[in-house]
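As provided, target_20.tsv (TSV, C-alpha atoms and all ligand atoms) reads as follows.
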chain	number	residue	atom	x	y	z
A	1	MET	CA	-105.33	-89.52	-116.64
A	2	ASN	CA	-104.96	-90.86	-120.17
A	3	LEU	CA	-102.89	-93.98	-120.77
A	4	LYS	CA	-104.57	-94.91	-124.07
A	5	GLY	CA	-102.13	-96.41	-126.57
A	6	LYS	CA	-99.35	-96.71	-123.99
A	7	SER	CA	-97.33	-99.92	-123.54
A	8	PHE	CA	-96.68	-101.37	-120.08
A	9	LEU	CA	-93.04	-102.52	-120.26
A	10	LYS	CA	-91.54	-101.45	-116.92
A	11	LEU	CA	-92.55	-99.29	-113.95
A	12	LEU	CA	-89.70	-96.85	-114.71
A	13	ASP	CA	-91.88	-95.60	-117.61
A	14	PHE	CA	-94.77	-94.58	-115.28
A	15	THR	CA	-95.26	-91.77	-112.79
A	16	PRO	CA	-96.45	-92.43	-109.23
A	17	GLU	CA	-99.78	-90.81	-110.20
A	18	GLU	CA	-100.17	-93.20	-113.14
A	19	ILE	CA	-99.35	-96.21	-110.94
A	20	ASN	CA	-101.89	-95.04	-108.35
A	21	TYR	CA	-104.46	-94.57	-111.10
A	22	LEU	CA	-103.90	-98.18	-112.26
A	23	LEU	CA	-104.23	-99.42	-108.66
A	24	ASP	CA	-107.47	-97.45	-108.16
A	25	LEU	CA	-108.86	-98.80	-111.42
A	26	SER	CA	-107.87	-102.34	-110.36
A	27	ALA	CA	-109.74	-101.93	-107.06
A	28	LYS	CA	-112.81	-100.63	-108.93
A	29	LEU	CA	-112.80	-103.50	-111.43
A	30	LYS	CA	-112.27	-105.99	-108.59
A	31	ALA	CA	-115.29	-104.62	-106.70
A	32	GLU	CA	-117.38	-104.77	-109.88
A	33	LYS	CA	-116.33	-108.37	-110.53
A	34	LYS	CA	-117.26	-109.35	-106.93
A	35	ALA	CA	-120.64	-107.62	-107.31
A	36	GLY	CA	-121.29	-109.37	-110.62
A	37	THR	CA	-121.36	-106.05	-112.49
A	38	PRO	CA	-120.21	-106.58	-116.09
A	39	HIS	CA	-117.42	-104.35	-117.42
A	40	ARG	CA	-116.98	-105.25	-121.09
A	41	LEU	CA	-114.89	-102.15	-121.71
A	42	CYS	CA	-112.95	-103.57	-124.68
A	43	GLU	CA	-115.79	-105.36	-126.48
A	44	GLY	CA	-114.73	-106.86	-129.80
A	45	LYS	CA	-111.00	-106.23	-129.33
A	46	SER	CA	-108.35	-108.93	-129.40
A	47	ILE	CA	-105.04	-109.63	-127.67
A	48	ALA	CA	-102.10	-111.91	-128.55
A	49	LEU	CA	-100.48	-113.64	-125.57
A	50	VAL	CA	-96.91	-114.65	-126.41
A	51	PHE	CA	-95.21	-116.90	-123.82
A	52	GLU	CA	-91.60	-118.04	-124.28
A	53	LYS	CA	-91.51	-119.21	-120.64
A	54	ASN	CA	-94.05	-121.21	-118.61
A	55	SER	CA	-96.83	-119.53	-116.64
A	56	THR	CA	-99.91	-120.30	-114.58
A	57	ARG	CA	-100.92	-116.95	-113.02
A	58	THR	CA	-99.94	-114.51	-115.76
A	59	ARG	CA	-101.46	-116.46	-118.62
A	60	CYS	CA	-104.69	-117.17	-116.73
A	61	ALA	CA	-104.90	-113.56	-115.52
A	62	PHE	CA	-104.62	-112.24	-119.08
A	63	GLU	CA	-107.14	-114.77	-120.44
A	64	VAL	CA	-109.76	-114.16	-117.73
A	65	ALA	CA	-109.22	-110.39	-117.80
A	66	ALA	CA	-109.60	-110.37	-121.59
A	67	ALA	CA	-112.81	-112.41	-121.40
A	68	ASP	CA	-114.27	-110.12	-118.69
A	69	LEU	CA	-113.46	-107.09	-120.87
A	70	GLY	CA	-115.22	-108.67	-123.89
A	71	MET	CA	-111.99	-109.42	-125.76
A	72	HIS	CA	-110.72	-112.36	-127.76
A	73	PRO	CA	-107.32	-113.74	-126.61
A	74	THR	CA	-104.95	-115.92	-128.69
A	75	PHE	CA	-102.25	-117.87	-126.82
A	76	LEU	CA	-99.01	-118.22	-128.80
A	77	ASP	CA	-96.35	-120.68	-127.79
A	78	PRO	CA	-93.22	-119.60	-129.74
A	79	SER	CA	-91.95	-123.20	-129.84
A	80	ALA	CA	-94.88	-123.77	-132.23
A	81	SER	CA	-94.68	-120.43	-134.09
A	82	GLN	CA	-92.10	-118.78	-136.37
A	83	MET	CA	-91.15	-116.09	-133.86
A	84	GLY	CA	-87.40	-115.65	-133.43
A	85	LYS	CA	-86.58	-118.69	-135.58
A	86	LYS	CA	-87.80	-117.87	-139.11
A	87	GLU	CA	-89.16	-114.41	-138.33
A	88	SER	CA	-87.52	-111.59	-136.39
A	89	ILE	CA	-89.11	-109.99	-133.33
A	90	ALA	CA	-89.63	-106.76	-135.32
A	91	ASP	CA	-91.42	-108.56	-138.18
A	92	THR	CA	-93.54	-110.59	-135.75
A	93	ALA	CA	-94.50	-107.37	-133.96
A	94	ARG	CA	-95.64	-105.76	-137.22
A	95	VAL	CA	-97.72	-108.80	-138.16
A	96	LEU	CA	-99.38	-109.15	-134.74
A	97	GLY	CA	-99.98	-105.39	-134.63
A	98	ARG	CA	-102.04	-105.67	-137.85
A	99	MET	CA	-104.34	-108.30	-136.34
A	100	TYR	CA	-104.48	-107.57	-132.62
A	101	ASP	CA	-105.28	-104.53	-130.51
A	102	ALA	CA	-102.63	-105.44	-127.91
A	103	ILE	CA	-99.81	-107.93	-127.33
A	104	GLU	CA	-98.55	-109.52	-124.12
A	105	TYR	CA	-95.01	-110.95	-124.07
A	106	ARG	CA	-93.28	-113.19	-121.50
A	107	GLY	CA	-89.74	-114.26	-122.16
A	108	PHE	CA	-86.08	-113.46	-121.88
A	109	GLU	CA	-84.32	-110.10	-122.36
A	110	GLN	CA	-86.14	-106.82	-121.72
A	111	THR	CA	-84.84	-105.68	-125.15
A	112	ILE	CA	-87.21	-108.20	-126.80
A	113	VAL	CA	-90.36	-106.71	-125.25
A	114	GLU	CA	-89.04	-103.19	-125.96
A	115	THR	CA	-88.49	-104.15	-129.64
A	116	LEU	CA	-91.99	-105.62	-129.86
A	117	ALA	CA	-93.39	-102.35	-128.53
A	118	ALA	CA	-91.28	-100.26	-130.91
A	119	PHE	CA	-92.64	-102.09	-133.97
A	120	ALA	CA	-96.14	-103.31	-133.07
A	121	GLY	CA	-98.05	-100.04	-133.31
A	122	VAL	CA	-100.34	-101.29	-130.50
A	123	PRO	CA	-99.82	-101.45	-126.71
A	124	VAL	CA	-97.42	-104.20	-125.59
A	125	TYR	CA	-97.47	-105.58	-122.02
A	126	ASN	CA	-94.50	-107.15	-120.25
A	127	GLY	CA	-95.66	-110.45	-118.72
A	128	LEU	CA	-92.14	-111.04	-117.27
A	129	THR	CA	-88.64	-110.67	-118.64
A	130	ASN	CA	-85.30	-111.53	-117.02
A	131	GLU	CA	-85.03	-107.94	-115.81
A	132	PHE	CA	-88.58	-106.89	-114.86
A	133	HIS	CA	-92.04	-108.23	-113.91
A	134	PRO	CA	-94.12	-105.03	-113.71
A	135	THR	CA	-97.65	-106.49	-113.76
A	136	GLN	CA	-96.69	-108.55	-110.70
A	137	ILE	CA	-95.78	-105.38	-108.80
A	138	LEU	CA	-99.21	-103.85	-109.46
A	139	ALA	CA	-100.79	-106.97	-107.92
A	140	ASP	CA	-98.37	-106.83	-105.00
A	141	PHE	CA	-99.11	-103.16	-104.32
A	142	LEU	CA	-102.88	-103.63	-104.55
A	143	THR	CA	-102.51	-106.47	-102.01
A	144	ILE	CA	-100.36	-104.32	-99.69
A	145	ARG	CA	-102.93	-101.51	-99.91
A	146	GLU	CA	-105.69	-103.97	-98.98
A	147	HIS	CA	-103.83	-105.47	-96.01
A	148	CYS	CA	-101.67	-102.59	-94.72
A	149	GLY	CA	-103.26	-99.37	-96.05
A	150	ASP	CA	-101.48	-96.53	-97.89
A	151	LEU	CA	-98.28	-97.52	-99.66
A	152	LYS	CA	-96.35	-94.37	-98.77
A	153	GLY	CA	-93.92	-94.96	-95.89
A	154	LYS	CA	-94.45	-98.73	-95.80
A	155	THR	CA	-91.35	-100.92	-95.51
A	156	LEU	CA	-90.85	-103.89	-97.84
A	157	VAL	CA	-87.92	-106.21	-97.20
A	158	TYR	CA	-86.88	-108.40	-100.09
A	159	VAL	CA	-84.86	-111.48	-99.09
A	160	GLY	CA	-83.19	-113.89	-101.52
A	161	ASP	CA	-82.18	-113.24	-105.13
A	162	ALA	CA	-82.68	-109.46	-105.35
A	163	ARG	CA	-80.82	-108.98	-108.66
A	164	TYR	CA	-83.42	-110.57	-110.94
A	165	ASN	CA	-86.86	-109.54	-112.23
A	166	MET	CA	-88.67	-109.49	-108.87
A	167	GLY	CA	-86.02	-107.72	-106.79
A	168	ASN	CA	-85.45	-105.16	-109.55
A	169	SER	CA	-89.13	-104.42	-110.08
A	170	LEU	CA	-89.98	-104.19	-106.39
A	171	MET	CA	-87.10	-101.77	-105.87
A	172	VAL	CA	-88.35	-99.57	-108.73
A	173	GLY	CA	-91.96	-99.81	-107.50
A	174	CYS	CA	-91.04	-98.90	-103.91
A	175	ALA	CA	-88.92	-95.96	-105.12
A	176	LYS	CA	-91.83	-94.69	-107.23
A	177	MET	CA	-94.41	-95.02	-104.46
A	178	GLY	CA	-92.39	-93.46	-101.62
A	179	MET	CA	-91.85	-96.75	-99.78
A	180	ASN	CA	-88.82	-98.06	-97.89
A	181	PHE	CA	-87.13	-100.84	-99.86
A	182	ILE	CA	-84.62	-103.09	-98.12
A	183	ALA	CA	-82.74	-105.82	-99.97
A	184	CYS	CA	-81.63	-108.17	-97.19
A	185	THR	CA	-79.42	-110.83	-98.74
A	186	ASN	CA	-75.95	-112.02	-99.60
A	187	PRO	CA	-74.29	-109.01	-101.33
A	188	LYS	CA	-73.76	-111.14	-104.49
A	189	TYR	CA	-77.51	-110.85	-104.99
A	190	PHE	CA	-77.97	-107.07	-104.61
A	191	PRO	CA	-79.52	-105.37	-107.67
A	192	ASP	CA	-77.33	-103.92	-110.39
A	193	ASN	CA	-75.60	-100.63	-109.44
A	194	ALA	CA	-76.91	-98.68	-112.44
A	195	LEU	CA	-80.50	-99.55	-111.52
A	196	ILE	CA	-79.85	-98.69	-107.86
A	197	GLU	CA	-78.58	-95.26	-108.92
A	198	GLU	CA	-81.65	-94.67	-111.08
A	199	CYS	CA	-83.90	-95.66	-108.17
A	200	GLU	CA	-81.98	-93.43	-105.73
A	201	LYS	CA	-82.80	-90.45	-107.98
A	202	ILE	CA	-86.49	-91.37	-107.99
A	203	ALA	CA	-86.44	-91.95	-104.23
A	204	ALA	CA	-85.00	-88.47	-103.65
A	205	GLN	CA	-88.19	-87.06	-105.18
A	206	THR	CA	-90.78	-89.40	-103.63
A	207	GLY	CA	-89.41	-89.73	-100.10
A	208	ALA	CA	-88.62	-93.42	-100.59
A	209	THR	CA	-85.54	-94.98	-98.99
A	210	LEU	CA	-83.37	-97.82	-100.31
A	211	LYS	CA	-81.14	-100.00	-98.16
A	212	PHE	CA	-78.88	-102.93	-98.99
A	213	THR	CA	-77.86	-105.17	-96.11
A	214	SER	CA	-76.84	-108.72	-95.29
A	215	ASN	CA	-77.92	-108.45	-91.65
A	216	THR	CA	-81.27	-110.18	-91.04
A	217	ASP	CA	-81.79	-108.03	-87.91
A	218	ASP	CA	-82.67	-105.25	-90.40
A	219	VAL	CA	-86.08	-106.87	-91.05
A	220	LYS	CA	-87.28	-105.40	-87.73
A	221	GLY	CA	-90.39	-103.27	-88.23
A	222	ALA	CA	-91.03	-104.42	-91.81
A	223	ASP	CA	-94.61	-104.31	-93.09
A	224	VAL	CA	-93.85	-107.00	-95.67
A	225	ILE	CA	-91.20	-109.65	-96.12
A	226	TYR	CA	-91.09	-110.69	-99.76
A	227	THR	CA	-89.20	-113.51	-101.43
A	228	ASP	CA	-89.06	-115.40	-104.73
A	229	VAL	CA	-87.48	-118.60	-106.05
A	230	TRP	CA	-83.69	-118.85	-105.78
A	231	VAL	CA	-83.30	-120.03	-109.38
A	232	SER	CA	-85.45	-118.33	-112.00
A	233	MET	CA	-86.85	-119.66	-115.26
A	234	GLY	CA	-84.19	-119.86	-117.94
A	235	GLU	CA	-81.27	-120.17	-115.48
A	236	PRO	CA	-79.16	-123.35	-115.72
A	237	ASP	CA	-79.70	-126.20	-113.20
A	238	GLY	CA	-75.99	-125.99	-112.39
A	239	VAL	CA	-76.53	-122.89	-110.22
A	240	TRP	CA	-78.69	-124.66	-107.60
A	241	LYS	CA	-75.80	-125.71	-105.34
A	242	GLU	CA	-74.33	-122.21	-105.12
A	243	ARG	CA	-77.75	-120.58	-104.63
A	244	ILE	CA	-78.64	-122.96	-101.79
A	245	GLU	CA	-75.32	-122.24	-100.07
A	246	ASP	CA	-75.57	-118.48	-100.57
A	247	LEU	CA	-79.26	-117.95	-99.84
A	248	THR	CA	-80.21	-120.45	-97.12
A	249	PRO	CA	-79.39	-117.84	-94.42
A	250	TYR	CA	-82.08	-115.68	-96.08
A	251	ARG	CA	-84.86	-118.28	-96.13
A	252	VAL	CA	-88.13	-116.89	-94.73
A	253	THR	CA	-88.63	-118.78	-91.47
A	254	SER	CA	-90.92	-118.22	-88.49
A	255	GLU	CA	-87.88	-116.81	-86.64
A	256	LEU	CA	-87.36	-114.20	-89.36
A	257	MET	CA	-91.06	-113.26	-89.27
A	258	GLU	CA	-90.82	-112.96	-85.46
A	259	LYS	CA	-87.81	-110.69	-85.83
A	260	ALA	CA	-89.84	-108.45	-88.17
A	261	GLY	CA	-92.72	-108.14	-85.70
A	262	ALA	CA	-96.39	-109.09	-85.43
A	263	GLN	CA	-97.48	-106.54	-88.08
A	264	CYS	CA	-95.39	-108.15	-90.82
A	265	LYS	CA	-97.02	-110.00	-93.75
A	266	PHE	CA	-95.40	-112.60	-95.98
A	267	MET	CA	-95.54	-112.20	-99.78
A	268	HIS	CA	-94.26	-114.22	-102.73
A	269	CYS	CA	-95.02	-113.86	-106.44
A	270	LEU	CA	-95.34	-117.69	-106.70
A	271	PRO	CA	-94.69	-120.44	-107.63
A	272	ALA	CA	-92.92	-121.21	-104.32
A	273	PHE	CA	-90.83	-124.14	-103.07
A	274	HIS	CA	-92.18	-124.59	-99.53
A	275	ASP	CA	-92.69	-128.37	-99.41
A	276	LEU	CA	-91.94	-131.59	-101.29
A	277	ASN	CA	-95.12	-131.60	-103.38
A	278	THR	CA	-93.36	-130.61	-106.62
A	279	THR	CA	-91.03	-132.55	-108.93
A	280	VAL	CA	-88.26	-129.95	-108.57
A	281	GLY	CA	-88.75	-129.77	-104.79
A	282	LYS	CA	-88.30	-133.57	-104.58
A	283	GLU	CA	-85.20	-133.53	-106.81
A	284	ILE	CA	-83.60	-130.83	-104.66
A	285	TYR	CA	-84.47	-132.80	-101.51
A	286	GLU	CA	-82.80	-135.91	-102.94
A	287	LYS	CA	-79.67	-133.97	-103.95
A	288	PHE	CA	-79.29	-131.51	-101.07
A	289	GLY	CA	-81.49	-132.86	-98.25
A	290	ILE	CA	-83.60	-129.70	-97.78
A	291	ASP	CA	-87.40	-129.92	-97.59
A	292	CYS	CA	-88.06	-126.29	-98.56
A	293	MET	CA	-86.13	-123.52	-100.19
A	294	GLU	CA	-86.90	-119.79	-100.03
A	295	VAL	CA	-89.72	-120.13	-97.44
A	296	THR	CA	-90.70	-122.74	-94.86
A	297	ASP	CA	-94.04	-124.47	-95.15
A	298	GLU	CA	-94.92	-123.07	-91.71
A	299	VAL	CA	-94.63	-119.44	-92.89
A	300	PHE	CA	-96.20	-120.14	-96.28
A	301	GLU	CA	-99.30	-121.67	-94.65
A	302	SER	CA	-99.47	-119.15	-91.79
A	303	GLU	CA	-102.01	-116.38	-91.16
A	304	ARG	CA	-99.38	-113.81	-92.11
A	305	SER	CA	-99.09	-115.24	-95.62
A	306	ILE	CA	-101.14	-113.24	-98.15
A	307	VAL	CA	-99.82	-115.00	-101.25
A	308	PHE	CA	-103.17	-116.16	-102.60
A	309	ASP	CA	-104.75	-112.69	-102.31
A	310	GLU	CA	-101.69	-111.53	-104.20
A	311	ALA	CA	-102.19	-114.20	-106.90
A	312	GLU	CA	-105.86	-113.28	-107.33
A	313	ASN	CA	-104.90	-109.63	-107.71
A	314	ARG	CA	-102.82	-110.49	-110.78
A	315	MET	CA	-106.09	-110.75	-112.69
A	316	HIS	CA	-107.67	-107.50	-111.42
A	317	THR	CA	-104.51	-105.46	-112.02
A	318	ILE	CA	-103.79	-106.90	-115.47
A	319	LYS	CA	-107.39	-106.12	-116.38
A	320	ALA	CA	-106.82	-102.51	-115.31
A	321	VAL	CA	-103.68	-102.23	-117.47
A	322	ILE	CA	-105.57	-103.50	-120.54
A	323	ALA	CA	-108.66	-101.35	-119.90
A	324	ALA	CA	-106.57	-98.21	-119.29
A	325	THR	CA	-104.39	-98.57	-122.38
A	326	LEU	CA	-106.99	-99.66	-124.98
B	401	LIG	N1	-96.13	-114.89	-110.49
B	401	LIG	C1	-96.17	-115.31	-111.77
B	401	LIG	O1	-95.82	-114.58	-112.70
B	401	LIG	O2	-96.64	-116.57	-111.93
B	401	LIG	P1	-96.64	-117.41	-113.28
B	401	LIG	O3	-95.21	-117.72	-113.62
B	401	LIG	O4	-97.44	-118.63	-112.96
B	401	LIG	O5	-97.27	-116.58	-114.36
B	402	LIG	N1	-87.97	-114.85	-110.66
B	402	LIG	C1	-88.99	-115.77	-111.11
B	402	LIG	C2	-90.34	-115.10	-111.10
B	402	LIG	C3	-91.48	-116.01	-111.45
B	402	LIG	C4	-92.80	-115.31	-111.43
B	402	LIG	C5	-88.63	-116.26	-112.50
B	402	LIG	O1	-88.24	-115.44	-113.35
B	402	LIG	O2	-88.72	-117.47	-112.74
Output the file's structure in the form of C-alpha cells.
Ligand code: CP
Ligand code: NVA
Amino acid sequence: MNLKGKSFLKLLDFTPEEINYLLDLSAKLKAEKKAGTPHRLCEGKSIALVFEKNSTRTRCAFEVAAADLGMHPTFLDPSASQMGKKESIADTARVLGRMYDAIEYRGFEQTIVETLAAFAGVPVYNGLTNEFHPTQILADFLTIREHCGDLKGKTLVYVGDARYNMGNSLMVGCAKMGMNFIACTNPKYFPDNALIEECEKIAAQTGATLKFTSNTDDVKGADVIYTDVWVSMGEPDGVWKERIEDLTPYRVTSELMEKAGAQCKFMHCLPAFHDLNTTVGKEIYEKFGIDCMEVTDEVFESERSIVFDEAENRMHTIKAVIAATL
C-alpha cells in the first residue's frame, strides 16, 4: 500500500483496502503511543493548519499528531491572514506548498479544499467542509472496530440532519466498508440524491446496504446509533426553530436506544447539545424550552455512549493519515 503524496479530501477517493490500511495503521500508532514507543516518522517536516471554522478536536488532533510524528505545525486563522480576501485560494495553496510538507483545511465548500489540493503540490487534508468530514469517519470506524469488531455487515443508523457533512460522509464510509447505512429522519434531511446514487453503486460492489426511512422502529438491531448537531457551523441562527420542529422526533433518547437493542452503542462526532452547560444550549432553552437537542443527557452519559473513545481516536487516525501520505 502506498499513499505517499496523496491528499485526503473525501472517502470517495479511497478504496476499501486503503481505508482498512489507514485504520490498521491508526491502531498500530495508538498501541505505540499507549506503550510510550516513539514514532517520529515525519521528523523535520512541517504542516499548515488552516481553520476557517472553530474546532477543538480536529485542531488538537492535528497538533498532537504532528508533534508525535516530529513535525512542526503552524495554525492559521484566515481572519488574521490574507487568504480569500487579498489572496486567492490557488495562490495561497502555491505559497503554503513552498513552505510546508502538508496542509490541513477546515472551512466551507468542498471546492475550496479541492482547489487547495490542485495547486499546493503537497498533500492536503480535509478537516471538515460543508459536504464532508472524512477524518472524523476514520475515527468513528476505528472506534466501531474496537467496540463491535469487524466493520463488514455492521448496521449504523444515522438520526437527525443526514444531508450535511456527517450524514454524507458516514453514508460514503459505510458503502465503502460493506456496512448497512440507515438514515432515519425527516425526509427533508435525507442526503442528496446524486450522492445516494454514487453510494448505491459502491454498495453494489461491497455488499453494503443503504436505507432511507422516517420510521424510528427501523433502528431495531442497529450496532450504532449516530447523531450530530441539528444546526451546523456556518448555518444561520434563523433555522433553529424549523430544525427543532423537524428533528425532535429523531432525538436520541433512552427509548430509542431500547428500541435498537442492548447491543447498540451511541456515537456522536461532538460537540453535542445534551444539557444546559453551554451558552447556545441555554439560549435555546430560553427560546424553545428544551433542555437538550439531538441527544438526551441520559443517553450521552450512559454506558452505551462511546463518544470520548471516538474523540480520542481523532488523534490516532489523523496521525495515520499524515504518516501514510508523507
Ligand atoms: N468532531 C469535530 O470535528 O470536532 P471539532 O469541531 O471540535 O474539531
Ligand atoms: N455538522 C457539524 C459537525 C461538527 C464536527 C458541523 O459542521 O458543524
What does the list of residues within 9 Å of ligand LIG 401 (chain B) look like if you count only C-alpha atoms and all ligand atoms, written as a PDB file with C-alpha atoms, in the coordinates of the input?
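Full text of part.pdb as output:
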ATOM      1  CA  LYS A  53     -91.510-119.210-120.640  1.00  0.00           C
ATOM      2  CA  ASN A  54     -94.050-121.210-118.610  1.00  0.00           C
ATOM      3  CA  SER A  55     -96.830-119.530-116.640  1.00  0.00           C
ATOM      4  CA  THR A  56     -99.910-120.300-114.580  1.00  0.00           C
ATOM      5  CA  ARG A  57    -100.920-116.950-113.020  1.00  0.00           C
ATOM      6  CA  THR A  58     -99.940-114.510-115.760  1.00  0.00           C
ATOM      7  CA  ARG A  59    -101.460-116.460-118.620  1.00  0.00           C
ATOM      8  CA  CYS A  60    -104.690-117.170-116.730  1.00  0.00           C
ATOM      9  CA  ALA A  61    -104.900-113.560-115.520  1.00  0.00           C
ATOM     10  CA  ARG A 106     -93.280-113.190-121.500  1.00  0.00           C
ATOM     11  CA  GLY A 127     -95.660-110.450-118.720  1.00  0.00           C
ATOM     12  CA  LEU A 128     -92.140-111.040-117.270  1.00  0.00           C
ATOM     13  CA  HIS A 133     -92.040-108.230-113.910  1.00  0.00           C
ATOM     14  CA  THR A 135     -97.650-106.490-113.760  1.00  0.00           C
ATOM     15  CA  GLN A 136     -96.690-108.550-110.700  1.00  0.00           C
ATOM     16  CA  MET A 233     -86.850-119.660-115.260  1.00  0.00           C
ATOM     17  CA  HIS A 268     -94.260-114.220-102.730  1.00  0.00           C
ATOM     18  CA  CYS A 269     -95.020-113.860-106.440  1.00  0.00           C
ATOM     19  CA  LEU A 270     -95.340-117.690-106.700  1.00  0.00           C
ATOM     20  CA  PRO A 271     -94.690-120.440-107.630  1.00  0.00           C
ATOM     21  CA  ALA A 311    -102.190-114.200-106.900  1.00  0.00           C
ATOM     22  CA  ARG A 314    -102.820-110.490-110.780  1.00  0.00           C
TER      23      ARG A 314
END
Separation of CA of Glu131 (chain A) from CA of Asp91 (chain A) in Å: 23.3 Å
Atomic separation - CA of Glu245 (chain A) relative to CA of Phe288 (chain A), Å: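 Atom-to-atom, CA of Phe288 (chain A) and CA of Glu245 (chain A) are spaced 10.1 Å apart.
If you measure from each of A:Asp161, A:Asp237, A:Glu198, A:Glu312 to ligand LIG 402 (chain B) using only C-alpha atoms and all ligand atoms, the closest one turns out to be A:Asp161.
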Atom pair CA of Arg304 (chain A) + CA of Leu156 (chain A), distance 14.3 Å
Pick from A:Phe51, A:Tyr250, A:Tyr100, A:Tyr226: nearest to Cys264 (chain A), with all atoms listed in the file counted?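 Looking at the shortest contact to Cys264 (chain A), the residue is A:Tyr226.
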Edge lengths and centre, in Å to one decimal, as JSON: that's what I need for the box along x, y and z that holds all listed atoms of ligand LIG 402 (chain B) plus 3 Å on each side.
{"center_x": -90.4, "center_y": -116.2, "center_z": -112.0, "size_x": 10.8, "size_y": 8.6, "size_z": 8.7}
Who sits within 12 Å of Phe181 (chain A), all atoms listed in the file, same chain under 6 positions skipped, as a VMD selection string: chain A and resid 151 to 159 162 167 to 175 191 196 199 to 200 203 207 to 213 218 to 219 222 to 226
Rank A:Asp291, A:Asn215, A:Val299, A:Pro73 by their smallest atom-to-atom distance to Val252 (chain A), using only C-alpha atoms, and report the top residue only.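 Of A:Asp291, A:Asn215, A:Val299, A:Pro73, the one nearest Val252 (chain A), counting only C-alpha atoms, is A:Val299.
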Between A:Glu109, A:Glu87, A:Glu43, A:Asp101, which has the minimum distance to ligand LIG 402 (chain B) (counting only C-alpha atoms and all ligand atoms)?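 Ranked by minimum distance to ligand LIG 402 (chain B), first place goes to A:Glu109.
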Nearest to Lys4 (chain A): which of A:Ile182, A:Val321, A:Phe308, A:Ser302 is it, counting only C-alpha atoms?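 Of all the options, A:Val321 lies closest to Lys4 (chain A).
If only C-alpha atoms and all ligand atoms are the atoms counted, then among A:Ala35, A:Ala120, A:Ile137, A:Ile144 the closest residue to ligand LIG 402 (chain B) is A:Ile137.
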Residues near Glu63 (chain A), anyone? I mean within 10 Å using all atoms listed in the file, not counting same-chain ones fewer than 4 positions away, as number ranges by chain. A: 47-49, 57-59, 67-69, 71-75, 315, 318-319
Would you mind listing what lies within 12 Å of Leu276 (chain A) as a tab-separated table (two decimals) with C-alpha atoms, keeping the file's coordinate frame, with only C-alpha atoms counted and same-chain residues fewer than 2 positions away left out?
chain	number	residue	atom	x	y	z
A	272	ALA	CA	-92.92	-121.21	-104.32
A	273	PHE	CA	-90.83	-124.14	-103.07
A	274	HIS	CA	-92.18	-124.59	-99.53
A	278	THR	CA	-93.36	-130.61	-106.62
A	279	THR	CA	-91.03	-132.55	-108.93
A	280	VAL	CA	-88.26	-129.95	-108.57
A	281	GLY	CA	-88.75	-129.77	-104.79
A	282	LYS	CA	-88.30	-133.57	-104.58
A	283	GLU	CA	-85.20	-133.53	-106.81
A	284	ILE	CA	-83.60	-130.83	-104.66
A	285	TYR	CA	-84.47	-132.80	-101.51
A	286	GLU	CA	-82.80	-135.91	-102.94
A	289	GLY	CA	-81.49	-132.86	-98.25
A	290	ILE	CA	-83.60	-129.70	-97.78
A	291	ASP	CA	-87.40	-129.92	-97.59
A	292	CYS	CA	-88.06	-126.29	-98.56
A	293	MET	CA	-86.13	-123.52	-100.19
A	296	THR	CA	-90.70	-122.74	-94.86
A	297	ASP	CA	-94.04	-124.47	-95.15
Fix up region 36-47 of chain A with N, CA and C atoms, then write it as a PDB file, in the coordinates of the input.
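Result file follows (selection.pdb):
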ATOM      1  N   GLY A  36    -120.647-108.815-109.420  1.00  0.00           N
ATOM      2  CA  GLY A  36    -121.290-109.370-110.620  1.00  0.00           C
ATOM      3  C   GLY A  36    -121.684-108.313-111.632  1.00  0.00           C
ATOM      4  N   THR A  37    -121.063-107.123-111.526  1.00  0.00           N
ATOM      5  CA  THR A  37    -121.360-106.050-112.490  1.00  0.00           C
ATOM      6  C   THR A  37    -120.470-106.192-113.719  1.00  0.00           C
ATOM      7  N   PRO A  38    -121.043-106.408-114.902  1.00  0.00           N
ATOM      8  CA  PRO A  38    -120.210-106.580-116.090  1.00  0.00           C
ATOM      9  C   PRO A  38    -119.405-105.323-116.419  1.00  0.00           C
ATOM     10  N   HIS A  39    -118.217-105.515-116.983  1.00  0.00           N
ATOM     11  CA  HIS A  39    -117.420-104.350-117.420  1.00  0.00           C
ATOM     12  C   HIS A  39    -116.720-104.705-118.734  1.00  0.00           C
ATOM     13  N   ARG A  40    -117.520-104.861-119.767  1.00  0.00           N
ATOM     14  CA  ARG A  40    -116.980-105.250-121.090  1.00  0.00           C
ATOM     15  C   ARG A  40    -116.477-104.000-121.817  1.00  0.00           C
ATOM     16  N   LEU A  41    -115.392-103.444-121.254  1.00  0.00           N
ATOM     17  CA  LEU A  41    -114.890-102.150-121.710  1.00  0.00           C
ATOM     18  C   LEU A  41    -114.120-102.221-123.032  1.00  0.00           C
ATOM     19  N   CYS A  42    -113.751-103.421-123.445  1.00  0.00           N
ATOM     20  CA  CYS A  42    -112.950-103.570-124.680  1.00  0.00           C
ATOM     21  C   CYS A  42    -113.638-104.530-125.642  1.00  0.00           C
ATOM     22  N   GLU A  43    -114.957-104.470-125.655  1.00  0.00           N
ATOM     23  CA  GLU A  43    -115.790-105.360-126.480  1.00  0.00           C
ATOM     24  C   GLU A  43    -115.275-105.438-127.924  1.00  0.00           C
ATOM     25  N   GLY A  44    -115.102-106.657-128.407  1.00  0.00           N
ATOM     26  CA  GLY A  44    -114.730-106.860-129.800  1.00  0.00           C
ATOM     27  C   GLY A  44    -113.236-106.733-130.097  1.00  0.00           C
ATOM     28  N   LYS A  45    -112.449-106.358-129.083  1.00  0.00           N
ATOM     29  CA  LYS A  45    -111.000-106.230-129.330  1.00  0.00           C
ATOM     30  C   LYS A  45    -110.307-107.576-129.099  1.00  0.00           C
ATOM     31  N   SER A  46    -109.056-107.658-129.550  1.00  0.00           N
ATOM     32  CA  SER A  46    -108.350-108.930-129.400  1.00  0.00           C
ATOM     33  C   SER A  46    -106.935-108.699-128.885  1.00  0.00           C
ATOM     34  N   ILE A  47    -106.385-109.735-128.259  1.00  0.00           N
ATOM     35  CA  ILE A  47    -105.040-109.630-127.670  1.00  0.00           C
ATOM     36  C   ILE A  47    -104.255-110.906-127.951  1.00  0.00           C
TER      37      ILE A  47
END
